file upload_16.txt (compact mmCIF, N, CA and C atoms)
# COMPACT_ATOMS: atom_id res chain seq x y z
N MET A 1 -225.82 88.35 14.40
CA MET A 1 -225.13 88.37 13.12
C MET A 1 -225.44 87.06 12.38
N PRO A 2 -225.90 87.16 11.12
CA PRO A 2 -226.23 85.95 10.37
C PRO A 2 -224.99 85.10 10.14
N ASP A 3 -225.21 83.78 10.11
CA ASP A 3 -224.14 82.85 9.77
C ASP A 3 -224.01 82.82 8.26
N SER A 4 -222.92 83.34 7.72
CA SER A 4 -222.79 83.40 6.28
C SER A 4 -221.85 82.32 5.75
N SER A 5 -221.65 81.27 6.53
CA SER A 5 -220.83 80.17 6.04
C SER A 5 -221.65 79.35 5.05
N ALA A 6 -221.01 78.93 3.98
CA ALA A 6 -221.69 78.12 2.99
C ALA A 6 -221.97 76.74 3.58
N SER A 7 -223.11 76.17 3.25
CA SER A 7 -223.45 74.83 3.70
C SER A 7 -223.21 73.87 2.53
N PRO A 8 -223.21 72.55 2.79
CA PRO A 8 -223.03 71.61 1.68
C PRO A 8 -224.05 71.89 0.58
N GLY A 9 -223.61 71.93 -0.64
CA GLY A 9 -224.50 72.22 -1.76
C GLY A 9 -224.62 73.70 -2.08
N LEU A 10 -223.98 74.55 -1.28
CA LEU A 10 -224.05 76.00 -1.50
C LEU A 10 -222.63 76.53 -1.67
N SER A 11 -222.35 77.11 -2.83
CA SER A 11 -220.99 77.56 -3.13
C SER A 11 -220.83 79.07 -3.01
N VAL A 12 -221.82 79.75 -2.46
CA VAL A 12 -221.75 81.20 -2.31
C VAL A 12 -221.96 81.56 -0.84
N ASP A 13 -221.53 82.74 -0.47
CA ASP A 13 -221.85 83.30 0.85
C ASP A 13 -223.31 83.75 0.77
N PRO A 14 -224.22 83.14 1.53
CA PRO A 14 -225.65 83.45 1.37
C PRO A 14 -226.02 84.88 1.72
N VAL A 15 -225.36 85.47 2.69
CA VAL A 15 -225.65 86.86 3.06
C VAL A 15 -225.23 87.79 1.93
N LYS A 16 -224.05 87.55 1.37
CA LYS A 16 -223.56 88.36 0.24
C LYS A 16 -224.44 88.14 -0.99
N PHE A 17 -224.90 86.89 -1.20
CA PHE A 17 -225.77 86.60 -2.34
C PHE A 17 -227.02 87.48 -2.29
N VAL A 18 -227.69 87.52 -1.14
CA VAL A 18 -228.91 88.33 -1.00
C VAL A 18 -228.58 89.81 -1.19
N ALA A 19 -227.47 90.27 -0.62
CA ALA A 19 -227.06 91.67 -0.79
C ALA A 19 -226.80 91.99 -2.26
N ASP A 20 -226.18 91.06 -2.99
CA ASP A 20 -225.92 91.28 -4.41
C ASP A 20 -227.22 91.32 -5.22
N VAL A 21 -228.17 90.45 -4.89
CA VAL A 21 -229.48 90.47 -5.57
C VAL A 21 -230.15 91.81 -5.29
N GLU A 22 -230.12 92.26 -4.04
CA GLU A 22 -230.71 93.55 -3.68
C GLU A 22 -230.06 94.68 -4.48
N ARG A 23 -228.75 94.67 -4.58
CA ARG A 23 -228.03 95.72 -5.31
C ARG A 23 -228.48 95.78 -6.78
N VAL A 24 -228.61 94.63 -7.42
CA VAL A 24 -229.04 94.58 -8.82
C VAL A 24 -230.47 95.10 -8.96
N TRP A 25 -231.37 94.72 -8.04
CA TRP A 25 -232.75 95.17 -8.11
C TRP A 25 -232.87 96.66 -7.77
N GLN A 26 -232.06 97.14 -6.84
CA GLN A 26 -232.07 98.58 -6.54
C GLN A 26 -231.61 99.38 -7.76
N ALA A 27 -230.67 98.83 -8.51
CA ALA A 27 -230.17 99.49 -9.71
C ALA A 27 -231.12 99.33 -10.90
N ARG A 28 -232.14 98.48 -10.73
CA ARG A 28 -233.10 98.18 -11.80
C ARG A 28 -232.37 97.74 -13.07
N ASP A 29 -231.41 96.81 -12.89
CA ASP A 29 -230.58 96.32 -13.99
C ASP A 29 -231.15 94.99 -14.48
N GLY A 30 -231.98 95.06 -15.50
CA GLY A 30 -232.64 93.87 -16.03
C GLY A 30 -231.68 92.85 -16.60
N ILE A 31 -230.60 93.29 -17.20
CA ILE A 31 -229.63 92.36 -17.78
C ILE A 31 -228.93 91.58 -16.67
N ALA A 32 -228.46 92.28 -15.65
CA ALA A 32 -227.78 91.61 -14.53
C ALA A 32 -228.75 90.70 -13.78
N ALA A 33 -230.00 91.13 -13.60
CA ALA A 33 -230.98 90.31 -12.89
C ALA A 33 -231.22 89.00 -13.65
N ALA A 34 -231.41 89.08 -14.95
CA ALA A 34 -231.65 87.88 -15.76
C ALA A 34 -230.42 86.98 -15.79
N ALA A 35 -229.23 87.56 -15.75
CA ALA A 35 -228.00 86.77 -15.79
C ALA A 35 -227.78 85.95 -14.53
N GLY A 36 -228.52 86.22 -13.47
CA GLY A 36 -228.37 85.48 -12.23
C GLY A 36 -229.07 84.13 -12.22
N TYR A 37 -229.73 83.78 -13.33
CA TYR A 37 -230.46 82.51 -13.43
C TYR A 37 -229.76 81.56 -14.38
N THR A 38 -229.85 80.25 -14.09
CA THR A 38 -229.34 79.25 -15.02
C THR A 38 -230.22 79.25 -16.28
N GLU A 39 -229.73 78.64 -17.35
CA GLU A 39 -230.50 78.59 -18.61
C GLU A 39 -231.84 77.87 -18.44
N ASP A 40 -231.90 76.89 -17.55
CA ASP A 40 -233.13 76.11 -17.37
C ASP A 40 -233.92 76.53 -16.13
N ALA A 41 -233.65 77.71 -15.60
CA ALA A 41 -234.28 78.17 -14.36
C ALA A 41 -235.79 78.37 -14.52
N VAL A 42 -236.48 78.25 -13.38
CA VAL A 42 -237.92 78.50 -13.31
C VAL A 42 -238.17 79.40 -12.10
N VAL A 43 -239.01 80.43 -12.29
CA VAL A 43 -239.46 81.29 -11.21
C VAL A 43 -240.93 80.99 -10.99
N HIS A 44 -241.28 80.57 -9.78
CA HIS A 44 -242.67 80.24 -9.42
C HIS A 44 -243.25 81.39 -8.60
N TYR A 45 -244.49 81.78 -8.89
CA TYR A 45 -245.14 82.86 -8.16
C TYR A 45 -246.64 82.76 -8.35
N GLY A 46 -247.37 83.54 -7.58
CA GLY A 46 -248.82 83.68 -7.76
C GLY A 46 -249.59 82.37 -7.73
N ALA A 47 -250.62 82.31 -8.53
CA ALA A 47 -251.51 81.16 -8.59
C ALA A 47 -250.99 80.16 -9.62
N ASN A 48 -249.99 79.39 -9.23
CA ASN A 48 -249.36 78.40 -10.12
C ASN A 48 -248.80 79.03 -11.39
N GLN A 49 -248.31 80.26 -11.28
CA GLN A 49 -247.71 80.95 -12.41
C GLN A 49 -246.20 80.71 -12.39
N ALA A 50 -245.56 80.84 -13.55
CA ALA A 50 -244.13 80.62 -13.64
C ALA A 50 -243.54 81.42 -14.79
N HIS A 51 -242.27 81.78 -14.62
CA HIS A 51 -241.46 82.36 -15.70
C HIS A 51 -240.36 81.35 -15.98
N GLN A 52 -240.05 81.15 -17.24
CA GLN A 52 -238.90 80.34 -17.62
C GLN A 52 -238.49 80.70 -19.04
N GLY A 53 -237.30 80.28 -19.43
CA GLY A 53 -236.82 80.53 -20.78
C GLY A 53 -236.76 82.01 -21.11
N ALA A 54 -237.15 82.36 -22.32
CA ALA A 54 -237.09 83.74 -22.79
C ALA A 54 -237.96 84.66 -21.94
N GLU A 55 -239.10 84.14 -21.47
CA GLU A 55 -239.98 84.95 -20.62
C GLU A 55 -239.28 85.34 -19.32
N LEU A 56 -238.55 84.40 -18.73
CA LEU A 56 -237.81 84.70 -17.50
C LEU A 56 -236.73 85.74 -17.79
N ARG A 57 -236.03 85.61 -18.92
CA ARG A 57 -234.96 86.56 -19.26
C ARG A 57 -235.50 87.98 -19.45
N ALA A 58 -236.73 88.10 -19.93
CA ALA A 58 -237.33 89.42 -20.18
C ALA A 58 -238.03 89.99 -18.95
N TRP A 59 -238.41 89.13 -18.01
CA TRP A 59 -239.22 89.55 -16.87
C TRP A 59 -238.59 90.67 -16.04
N PRO A 60 -237.32 90.59 -15.61
CA PRO A 60 -236.80 91.69 -14.77
C PRO A 60 -236.86 93.05 -15.47
N ALA A 61 -236.44 93.13 -16.73
CA ALA A 61 -236.47 94.41 -17.45
C ALA A 61 -237.90 94.93 -17.60
N ARG A 62 -238.86 94.02 -17.86
CA ARG A 62 -240.27 94.42 -17.95
C ARG A 62 -240.75 95.00 -16.63
N TRP A 63 -240.37 94.35 -15.51
CA TRP A 63 -240.78 94.83 -14.20
C TRP A 63 -240.17 96.20 -13.91
N PHE A 64 -238.89 96.36 -14.22
CA PHE A 64 -238.22 97.64 -13.95
C PHE A 64 -238.80 98.76 -14.81
N ALA A 65 -239.23 98.45 -16.04
CA ALA A 65 -239.87 99.46 -16.89
C ALA A 65 -241.22 99.86 -16.32
N TYR A 66 -241.92 98.92 -15.68
CA TYR A 66 -243.22 99.19 -15.08
C TYR A 66 -243.06 99.97 -13.77
N ALA A 67 -242.18 99.50 -12.90
CA ALA A 67 -241.96 100.11 -11.58
C ALA A 67 -240.72 100.98 -11.65
N LYS A 68 -240.83 102.09 -12.38
CA LYS A 68 -239.67 102.92 -12.71
C LYS A 68 -238.95 103.50 -11.49
N ASP A 69 -239.66 103.70 -10.39
CA ASP A 69 -239.04 104.28 -9.19
C ASP A 69 -238.92 103.25 -8.06
N LEU A 70 -238.82 101.98 -8.44
CA LEU A 70 -238.75 100.90 -7.46
C LEU A 70 -237.65 101.14 -6.42
N GLN A 71 -238.02 101.00 -5.17
CA GLN A 71 -237.08 100.99 -4.05
C GLN A 71 -237.31 99.66 -3.35
N ILE A 72 -236.24 98.92 -3.07
CA ILE A 72 -236.39 97.58 -2.51
C ILE A 72 -235.31 97.30 -1.48
N LYS A 73 -235.70 96.61 -0.43
CA LYS A 73 -234.77 96.17 0.61
C LYS A 73 -234.97 94.67 0.79
N LYS A 74 -233.92 93.89 0.55
CA LYS A 74 -233.96 92.45 0.73
C LYS A 74 -233.19 92.09 2.00
N THR A 75 -233.69 91.12 2.73
CA THR A 75 -233.06 90.70 3.98
C THR A 75 -232.82 89.19 3.96
N TYR A 76 -231.57 88.80 4.17
CA TYR A 76 -231.23 87.38 4.31
C TYR A 76 -231.94 86.84 5.55
N ARG A 77 -232.51 85.64 5.45
CA ARG A 77 -233.19 85.03 6.60
C ARG A 77 -232.57 83.70 7.00
N ALA A 78 -232.23 82.84 6.05
CA ALA A 78 -231.70 81.52 6.39
C ALA A 78 -231.16 80.84 5.14
N HIS A 79 -230.43 79.76 5.36
CA HIS A 79 -230.02 78.92 4.24
C HIS A 79 -229.85 77.49 4.73
N HIS A 80 -230.03 76.56 3.79
CA HIS A 80 -229.85 75.14 4.08
C HIS A 80 -229.63 74.43 2.75
N GLY A 81 -228.65 73.57 2.69
CA GLY A 81 -228.37 72.89 1.43
C GLY A 81 -228.08 73.92 0.36
N ASN A 82 -228.75 73.81 -0.77
CA ASN A 82 -228.54 74.78 -1.86
C ASN A 82 -229.63 75.86 -1.90
N CYS A 83 -230.32 76.07 -0.78
CA CYS A 83 -231.43 77.02 -0.72
C CYS A 83 -231.12 78.20 0.19
N ILE A 84 -231.41 79.40 -0.29
CA ILE A 84 -231.27 80.63 0.48
C ILE A 84 -232.65 81.26 0.59
N ALA A 85 -233.05 81.63 1.81
CA ALA A 85 -234.34 82.27 2.05
C ALA A 85 -234.13 83.74 2.37
N SER A 86 -234.98 84.59 1.80
CA SER A 86 -234.92 86.02 2.09
C SER A 86 -236.33 86.59 2.12
N THR A 87 -236.43 87.81 2.65
CA THR A 87 -237.68 88.57 2.60
C THR A 87 -237.38 89.90 1.93
N TRP A 88 -238.42 90.60 1.53
CA TRP A 88 -238.22 91.93 0.97
C TRP A 88 -239.36 92.85 1.31
N GLU A 89 -239.05 94.15 1.26
CA GLU A 89 -240.03 95.22 1.33
C GLU A 89 -239.71 96.15 0.18
N SER A 90 -240.74 96.60 -0.52
CA SER A 90 -240.50 97.50 -1.65
C SER A 90 -241.63 98.51 -1.77
N ARG A 91 -241.35 99.50 -2.59
CA ARG A 91 -242.37 100.49 -2.94
C ARG A 91 -242.06 101.01 -4.33
N TYR A 92 -243.13 101.39 -5.04
CA TYR A 92 -243.01 101.97 -6.37
C TYR A 92 -244.31 102.70 -6.66
N THR A 93 -244.31 103.52 -7.70
CA THR A 93 -245.51 104.23 -8.12
C THR A 93 -246.17 103.44 -9.24
N SER A 94 -247.45 103.11 -9.06
CA SER A 94 -248.18 102.40 -10.10
C SER A 94 -248.37 103.34 -11.29
N PRO A 95 -247.93 102.94 -12.49
CA PRO A 95 -248.14 103.80 -13.66
C PRO A 95 -249.61 103.89 -14.05
N GLU A 96 -250.42 102.94 -13.59
CA GLU A 96 -251.84 102.95 -13.92
C GLU A 96 -252.64 103.88 -13.04
N THR A 97 -252.28 103.96 -11.74
CA THR A 97 -253.09 104.75 -10.80
C THR A 97 -252.35 105.98 -10.26
N GLY A 98 -251.02 106.00 -10.39
CA GLY A 98 -250.23 107.08 -9.81
C GLY A 98 -250.06 106.94 -8.30
N LYS A 99 -250.60 105.86 -7.71
CA LYS A 99 -250.49 105.66 -6.27
C LYS A 99 -249.21 104.92 -5.92
N GLN A 100 -248.72 105.18 -4.70
CA GLN A 100 -247.58 104.44 -4.18
C GLN A 100 -248.04 103.04 -3.79
N VAL A 101 -247.36 102.03 -4.30
CA VAL A 101 -247.66 100.64 -3.98
C VAL A 101 -246.57 100.14 -3.03
N ARG A 102 -246.99 99.51 -1.96
CA ARG A 102 -246.06 98.89 -1.01
C ARG A 102 -246.17 97.38 -1.18
N GLU A 103 -245.07 96.69 -0.99
CA GLU A 103 -245.07 95.23 -1.06
C GLU A 103 -244.20 94.66 0.05
N SER A 104 -244.57 93.48 0.48
CA SER A 104 -243.69 92.69 1.32
C SER A 104 -243.76 91.27 0.77
N GLY A 105 -242.65 90.56 0.88
CA GLY A 105 -242.64 89.22 0.31
C GLY A 105 -241.54 88.36 0.89
N ALA A 106 -241.60 87.11 0.52
CA ALA A 106 -240.59 86.13 0.92
C ALA A 106 -240.23 85.32 -0.32
N GLU A 107 -239.00 84.81 -0.33
CA GLU A 107 -238.56 84.04 -1.48
C GLU A 107 -237.55 82.99 -1.08
N LEU A 108 -237.55 81.92 -1.87
CA LEU A 108 -236.56 80.86 -1.74
C LEU A 108 -235.79 80.79 -3.04
N PHE A 109 -234.47 80.86 -2.95
CA PHE A 109 -233.59 80.74 -4.10
C PHE A 109 -232.88 79.38 -4.01
N TYR A 110 -233.08 78.51 -4.97
CA TYR A 110 -232.33 77.26 -5.05
C TYR A 110 -231.22 77.47 -6.07
N LEU A 111 -229.99 77.23 -5.65
CA LEU A 111 -228.84 77.53 -6.50
C LEU A 111 -228.19 76.28 -7.06
N ARG A 112 -227.65 76.44 -8.26
CA ARG A 112 -226.74 75.48 -8.87
C ARG A 112 -225.49 76.30 -9.16
N GLY A 113 -224.43 76.01 -8.42
CA GLY A 113 -223.25 76.86 -8.51
C GLY A 113 -223.59 78.21 -7.91
N ASP A 114 -223.33 79.28 -8.66
CA ASP A 114 -223.63 80.62 -8.14
C ASP A 114 -224.85 81.24 -8.81
N LYS A 115 -225.64 80.42 -9.53
CA LYS A 115 -226.83 80.93 -10.20
C LYS A 115 -228.09 80.24 -9.69
N VAL A 116 -229.20 80.94 -9.81
CA VAL A 116 -230.49 80.43 -9.35
C VAL A 116 -231.06 79.49 -10.41
N CYS A 117 -231.42 78.27 -9.97
CA CYS A 117 -232.05 77.33 -10.90
C CYS A 117 -233.56 77.21 -10.63
N GLU A 118 -233.98 77.56 -9.41
CA GLU A 118 -235.41 77.57 -9.09
C GLU A 118 -235.65 78.64 -8.04
N HIS A 119 -236.70 79.43 -8.24
CA HIS A 119 -236.97 80.60 -7.40
C HIS A 119 -238.46 80.61 -7.10
N PHE A 120 -238.80 80.59 -5.81
CA PHE A 120 -240.19 80.67 -5.37
C PHE A 120 -240.41 82.02 -4.72
N MET A 121 -241.50 82.72 -5.07
CA MET A 121 -241.82 84.03 -4.50
C MET A 121 -243.25 84.07 -4.00
N TRP A 122 -243.42 84.72 -2.85
CA TRP A 122 -244.75 85.01 -2.30
C TRP A 122 -244.74 86.48 -1.91
N GLN A 123 -245.81 87.20 -2.17
CA GLN A 123 -245.83 88.62 -1.86
C GLN A 123 -247.24 89.09 -1.57
N HIS A 124 -247.29 90.25 -0.94
CA HIS A 124 -248.55 90.94 -0.72
C HIS A 124 -248.32 92.39 -1.11
N SER A 125 -249.26 92.97 -1.85
CA SER A 125 -249.15 94.37 -2.31
C SER A 125 -250.37 95.15 -1.84
N TRP A 126 -250.16 96.43 -1.55
CA TRP A 126 -251.26 97.30 -1.16
C TRP A 126 -250.88 98.73 -1.50
N ASN A 127 -251.89 99.56 -1.70
CA ASN A 127 -251.64 100.99 -1.94
C ASN A 127 -251.31 101.63 -0.60
N GLU A 128 -250.29 102.46 -0.60
CA GLU A 128 -249.88 103.13 0.63
C GLU A 128 -251.06 103.92 1.20
N GLY A 129 -251.27 103.79 2.49
CA GLY A 129 -252.37 104.47 3.15
C GLY A 129 -253.70 103.76 3.05
N GLU A 130 -253.73 102.63 2.35
CA GLU A 130 -254.98 101.88 2.17
C GLU A 130 -254.85 100.46 2.72
N VAL A 131 -254.07 100.29 3.77
CA VAL A 131 -253.90 98.96 4.36
C VAL A 131 -255.24 98.48 4.88
N PRO A 132 -255.67 97.29 4.47
CA PRO A 132 -256.97 96.79 4.92
C PRO A 132 -257.01 96.59 6.44
N GLU A 133 -258.21 96.66 6.97
CA GLU A 133 -258.40 96.43 8.40
C GLU A 133 -257.96 95.00 8.73
N SER A 134 -257.22 94.85 9.82
CA SER A 134 -256.72 93.53 10.21
C SER A 134 -257.85 92.66 10.73
N LYS A 135 -257.97 91.47 10.17
CA LYS A 135 -258.97 90.51 10.62
C LYS A 135 -258.29 89.25 11.15
N GLY A 136 -256.97 89.29 11.28
CA GLY A 136 -256.25 88.12 11.76
C GLY A 136 -255.88 87.15 10.65
N PHE A 137 -256.35 87.41 9.43
CA PHE A 137 -255.98 86.60 8.28
C PHE A 137 -256.19 87.44 7.02
N SER A 138 -255.64 87.00 5.93
CA SER A 138 -255.76 87.75 4.68
C SER A 138 -256.37 86.86 3.61
N THR A 139 -257.30 87.42 2.87
CA THR A 139 -257.88 86.69 1.73
C THR A 139 -257.50 87.31 0.41
N SER A 140 -256.59 88.29 0.45
CA SER A 140 -256.18 88.92 -0.81
C SER A 140 -254.75 88.64 -1.13

call {"tool": "encode", "arguments": {"input": "upload_16.txt", "output": "structure tokens"}}
result
Amino acid sequence: MPDSSASPGLSVDPVKFVADVERVWQARDGIAAAAGYTEDAVVHYGANQAHQGAELRAWPARWFAYAKDLQIKKTYRAHHGNCIASTWESRYTSPETGKQVRESGAELFYLRGDKVCEHFMWQHSWNEGEVPESKGFSTS
């Protein structure tokens, strides 16, 4: 059973926090997803890419419009200080190819109060049934 006690610098139950984020993403609620970030929040992802400001506020709704049938499961992994770590698995239909896309990822949420002020994401995506041959490492 995960330890859901708040640590110094963390004012939320970290297990409940991840479950609440999952609930919002499962509902594909762009307004609620954007409301979970502080005004000065930054989301870091990909090759030194970032969302912030108005772009960050629009990002969840844009993603939900793209991945209309998104199914996602987030799992609490750990917390320390004001940081909560989680992983996720998701699937959706690519509107460009019609293929089922699978994803797995990890993320770090740094909180100020009960909102995210900095969010780091790493993920891997692949078309269902087209998992590359395992070579012991990934270059994609």

call {"tool": "residues_around", "arguments": {"input": "upload_16.txt", "residues": "Gly9 of chain A", "least_positions_apart": "6", "cutoff": "9 Å", "atoms": "only C-alpha atoms", "output": "number ranges by chain"}}
result
A: 80-83, 111-113

call {"tool": "atom_distance", "arguments": {"input": "upload_16.txt", "atom1": "atom C of Ala19 of chain A", "atom2": "atom C of Asn48 of chain A"}}
result
27.1 Å

call {"tool": "residues_around", "arguments": {"input": "upload_16.txt", "residues": "Thr93 of chain A", "least_positions_apart": "2", "cutoff": "8 Å", "atoms": "all atoms listed in the file", "output": "PyMOL selection string"}}
result
chain A and resi 66-71+91+95-102

call {"tool": "atom_distance", "arguments": {"input": "upload_16.txt", "atom1": "atom CA of Leu10 of chain A", "atom2": "atom N of Gly36 of chain A"}}
result
16.4 Å

call {"tool": "residues_around", "arguments": {"input": "upload_16.txt", "residues": "Val24 of chain A", "least_positions_apart": "6", "cutoff": "7 Å", "atoms": "all atoms listed in the file", "output": "list of chain:residue names"}}
result
A:Gly30, A:Ala32, A:Ala33

call {"tool": "atom_distance", "arguments": {"input": "upload_16.txt", "atom1": "atom CA of Glu89 of chain A", "atom2": "atom CA of Ala50 of chain A"}}
result
21.3 Å

call {"tool": "closest_residue", "arguments": {"input": "upload_16.txt", "among": "A:Ile72, A:Ala78, A:Ala35, A:Leu108", "to": "Tyr92 of chain A", "atoms": "only C-alpha atoms"}}
result
A:Ile72

call {"tool": "select_by_dssp", "arguments": {"input": "upload_16.txt", "residues": "chain A", "states": "strand (DSSP E or B)", "output": "PyMOL selection string"}}
result
chain A and resi 37-45+49-52+71-80+83-93+100-112+115-127

call {"tool": "closest_residue", "arguments": {"input": "upload_16.txt", "among": "A:Tyr45, A:Tyr76, A:Trp59, A:Phe109", "to": "Val18 of chain A", "atoms": "only N, CA and C atoms"}}
result
A:Tyr76

call {"tool": "select_by_dssp", "arguments": {"input": "upload_16.txt", "residues": "chain A", "states": "helix (DSSP H, G or I)", "output": "ChimeraX atom specification"}}
result
/A:14-26,30-35,53-66

call {"tool": "closest_residue", "arguments": {"input": "upload_16.txt", "among": "A:Phe120, A:Ser125, A:Asp114, A:Ala58", "to": "Asp13 of chain A", "atoms": "only C-alpha atoms"}}
result
A:Asp114

call {"tool": "closest_residue", "arguments": {"input": "upload_16.txt", "among": "A:Tyr110, A:Trp122, A:Phe17, A:Trp25", "to": "Lys73 of chain A", "atoms": "all atoms listed in the file"}}
result
A:Trp25

call {"tool": "residues_around", "arguments": {"input": "upload_16.txt", "residues": "Leu56 of chain A", "least_positions_apart": "5", "cutoff": "7 Å", "atoms": "only N, CA and C atoms", "output": "PyMOL selection string"}}
result
chain A and resi 34+43+51

call {"tool": "write_last_selection", "arguments": {"input": "upload_16.txt", "atoms": "N, CA and C atoms", "output": "CSV table (one decimal), in the frame of the given file"}}
result
chain,number,residue,atom,x,y,z
A,34,ALA,N,-231.4,89.1,-15.0
A,34,ALA,CA,-231.6,87.9,-15.8
A,34,ALA,C,-230.4,87.0,-15.8
A,43,VAL,N,-239.0,80.4,-12.3
A,43,VAL,CA,-239.5,81.3,-11.2
A,43,VAL,C,-240.9,81.0,-11.0
A,51,HIS,N,-242.3,81.8,-14.6
A,51,HIS,CA,-241.5,82.4,-15.7
A,51,HIS,C,-240.4,81.4,-16.0

call {"tool": "closest_residue", "arguments": {"input": "upload_16.txt", "among": "A:Arg77, A:Arg62, A:His124, A:Arg57", "to": "Ser90 of chain A", "atoms": "only C-alpha atoms"}}
result
A:His124
